[in-house]
Every structure is written in structure tokens, then in C-alpha cells.
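Novice: Would you mind keeping the following structure in view while I ask a few things?
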Amino acid sequence: MASKLLCLAGLVALASVTCPARAEPTGDVLLAAGATYRHVTRVDLAQIGGSDDHGSDGDQSPGSLSAEIGAGLLFRPGFELRGSAWLGVGGLALAHVEKRYFDGGPEQIGSSLTVGAGGSARYAPALTPGVRAFVGPAVDWKRLTAASPLGSAHLELVGVGLDAGLRFRTSAATSKLGGHLELTFGARRELPVAVWVGRSRTDVLFAGVESAGDPVYSIAMGAAYVMSFNDAL
């Protein structure tokens, strides 16, 4: 009996040497692509720039619709880092800017664009095997531009706030690769950091932040498809 026990112990020891325990996975790599709608509350460029020559009014458009790409790291047991960048249509009301600051328009040629980038740190627990929630602080930078042959206006904002949402697993190509639908809601307190309005580089109406003006806030709602590379870290 003793010899059998010794043989069994020897086999267990040999197995532990030749077949070491698998290391615990440390996390996933995430890649995302989607669309986001952003709305900014009242923005008065003249007030922010300290100009009294154009009255008081709001220069924002109803919103901007952006194409967005992002990447992230999901660590165990549920901490996530995300970064993103976007390019969108809208932000400043082009026809309004042309009329208010350049006494003309609307021109047939012109654009209203928003570009931005940001990041967030999220608590991201798994609610079920196929659903994960996330919430956490976020910060981003965005530049709103309206331009036409009459002139152009630029406003840069730094936003500090919160992101929250849900991510649903939609497919699993392999054990290491999965697809997800992600829905995100974000809110920011926007801080103006630069403003410029002029007909040309040499004909500047006003530039620089002279007054924070009324508080500026923004909300964002987005949907994205997220590819996860499981246990890649």
C-alpha cells in the first residue's frame, strides 16, 4: 500500500513539473469604431473672446454627428482604460456665424466641423457572461470650426465629466476573438481654452479667451462595434 502511495505521489509531482498550471489571464485588448452625436449648450464666441461689438447670442449648432475610432485595455477583474478620436459634421452654426460676424451669407461653399480626442478610466463589471456595464471619469479636447469665403471661427474646449454605458457580446469568432455592440452616454463640463474669429489671418475680429462666459456643458450618445482580443495582455 505504501509503495502505491509513493508511486502516486511521484506521478503527481512529475505532472506538476511537465504540465505547469496555466497563468491567469490579465485582460483584453479592445478596438472600436462607431458614431456619436454630441450637443453643446449655448456658446457665445464674442462673449468668450471679450468682444462687445456683436451683441449677445448663441453660436452653436443643434449638434454634431461624428465618426469615431477608439482602443482600450480591459484588465481583470473589471478596470478599463479607453481612448478615442473623432471627426464630425456640425458644432458651430455656419450661417449664423457668417451673418453675425461677417455681415453676409449664407455662402454656397463652407463647412462646420468638429474634431476631438479623449480618454476615460472605467469600472467595467460583467453583469452576465455576455453583458458588461461601465462607468468612470473622462476628459477630452475638441475643436469646433465654421469656415466659408467670408471668414472663419474656431473654438477649442476641454471637457471634464463622466462616461457610462453597456457593452453586449454579439458574436464570438474564436475563443480569443469576440464582437460587441457598445452603447455610451457621456456628459461634460466644457472649459473654453481658445477662440479665434476673423476674415483672414490679418483681419482678426477677436482672439483669445477673455471671459469664461456662461457655463458650457455637452452631452454625447454613441454606438460602436467593438472587437475584443481576449487574454491578449
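Chain labels run A, B, ... following the order of the C-alpha cells; each chain numbers its residues from 1, and ligands are numbered from 1 in the order shown.
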May I have the residues within 10 Å of Ser218 of chain A as a list in words, using only C-alpha atoms and disregarding those fewer than 4 positions away in the same chain?
Specialist: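 What passes the distance filter is Arg38, His39, Val40, Thr41, Arg42, Gly63, Gly159, Val160, Gly161, Gly186, Ala187, Arg188, Arg189 and Glu190 of chain A.
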Novice: Residues at most 8 Å from Ala126 of chain A, counting only C-alpha atoms, excluding those fewer than 6 positions away in the same chain, as a compact mmCIF listing (two decimals) with N, CA and C atoms, in the first residue's frame?
Specialist:
```
# COMPACT_ATOMS: atom_id res chain seq x y z
N GLY A 78 -12.06 44.09 -13.61
CA GLY A 78 -13.06 44.93 -14.26
C GLY A 78 -12.65 46.38 -14.31
N ARG A 132 -21.62 43.64 -20.22
CA ARG A 132 -20.72 44.34 -19.30
C ARG A 132 -21.15 45.80 -19.21
N ALA A 133 -21.24 46.32 -18.01
CA ALA A 133 -21.53 47.75 -17.78
C ALA A 133 -20.21 48.47 -17.55
```
Novice: Looking at A:Asp57, A:Asp163, A:Glu80, A:Asp140, which one is nearest to Leu191 of chain A, with distances taken over only C-alpha atoms?
Specialist: A:Asp140
Novice: Counting only C-alpha atoms, what is within 10 Å of Ala207 of chain A, bar same-chain residues fewer than 2 positions away, as a ChimeraX atom specification?
Specialist: /A:45-46,48-51,153-155,194-198,204-205,209-210
Novice: Excluding segment 112-122 of chain A and any residue of its chain fewer than 5 positions from it, enumerate the residues within 7 Å of it, using only C-alpha atoms, and give them as a PyMOL selection string.
Specialist: chain A and resi 79-92+94+134-147
Novice: Atom CA of Gly151 of chain A and atom CA of Tyr217 of chain A are how many Å apart?
Specialist: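 Computing it gives 26.3 Å between the two atoms.
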Novice: Counting only C-alpha atoms, which of A:Tyr101, A:Ala212, A:Gly58, A:Gly72 gets nearest to Leu233 of chain A?
Specialist: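 For Leu233 of chain A, the nearest of the given residues is A:Gly72.
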Novice: One number please: atom CA of Arg100 of chain A to atom CA of Ser64 of chain A, in Å, one decimal.
Specialist: 20.6 Å
Novice: What parts of segment 49-213 of chain A does DSSP call strand (DSSP E)? I'd like the answer as a VMD selection string.
Specialist: chain A and resid 60 to 75 79 to 92 111 to 123 126 to 128 131 to 148 151 to 174 177 to 198 204 to 207
Novice: If you run DSSP on the backbone here, which positions in segment 41-147 of chain A get alpha helix (DSSP H)? Please write them as a PyMOL selection string.
Specialist: chain A and resi 45-49+94-102
Novice: Determine, counting only C-alpha atoms, which protein, DNA and RNA residues have an atom within 9 Å of an atom of Glu98 of chain A; residues of the same chain fewer than 4 positions away are not included. Present the result as number ranges by chain.
Specialist: A: 93-94, 102-107, 146-148, 150-152
Novice: I'd like the contact shell of segment 180-185 of chain A - 8 Å cut-off, only C-alpha atoms, skipping same-chain residues fewer than 2 positions apart - returned as a list in words.
Specialist: Asp163, Ala164, Gly165, Leu166, Arg167, Phe168, Arg169, Thr170, Ser171, Gly178, Ala187, Ile219, Ala220, Met221, Gly222, Ala223, Ala224, Tyr225, Val226, Met227 and Ser228 of chain A
Novice: Using the selection just defined, write its residues with C-alpha atoms as a PDB file, in the first residue's frame.
Specialist:
```pdb
ATOM      1  CA  ASP A 163     -18.911  58.213 -19.366  1.00  0.00           C
ATOM      2  CA  ALA A 164     -21.359  55.346 -18.742  1.00  0.00           C
ATOM      3  CA  GLY A 165     -22.879  52.587 -20.823  1.00  0.00           C
ATOM      4  CA  LEU A 166     -23.301  48.927 -21.680  1.00  0.00           C
ATOM      5  CA  ARG A 167     -21.447  46.503 -23.929  1.00  0.00           C
ATOM      6  CA  PHE A 168     -23.245  43.454 -25.353  1.00  0.00           C
ATOM      7  CA  ARG A 169     -21.441  40.481 -26.850  1.00  0.00           C
ATOM      8  CA  THR A 170     -22.884  39.793 -30.300  1.00  0.00           C
ATOM      9  CA  SER A 171     -20.535  37.138 -31.667  1.00  0.00           C
ATOM     10  CA  GLY A 178     -15.265  38.449 -29.974  1.00  0.00           C
ATOM     11  CA  ALA A 187     -21.636  64.326 -20.063  1.00  0.00           C
ATOM     12  CA  ILE A 219     -23.861  65.527 -23.768  1.00  0.00           C
ATOM     13  CA  ALA A 220     -22.966  62.674 -26.084  1.00  0.00           C
ATOM     14  CA  MET A 221     -24.714  59.489 -27.162  1.00  0.00           C
ATOM     15  CA  GLY A 222     -22.869  56.908 -29.214  1.00  0.00           C
ATOM     16  CA  ALA A 223     -22.961  53.386 -30.592  1.00  0.00           C
ATOM     17  CA  ALA A 224     -19.898  51.392 -31.632  1.00  0.00           C
ATOM     18  CA  TYR A 225     -18.845  47.938 -32.727  1.00  0.00           C
ATOM     19  CA  VAL A 226     -16.040  46.656 -30.511  1.00  0.00           C
ATOM     20  CA  MET A 227     -13.659  43.811 -31.308  1.00  0.00           C
ATOM     21  CA  SER A 228     -12.099  42.161 -28.259  1.00  0.00           C
TER      22      SER A 228
END
```
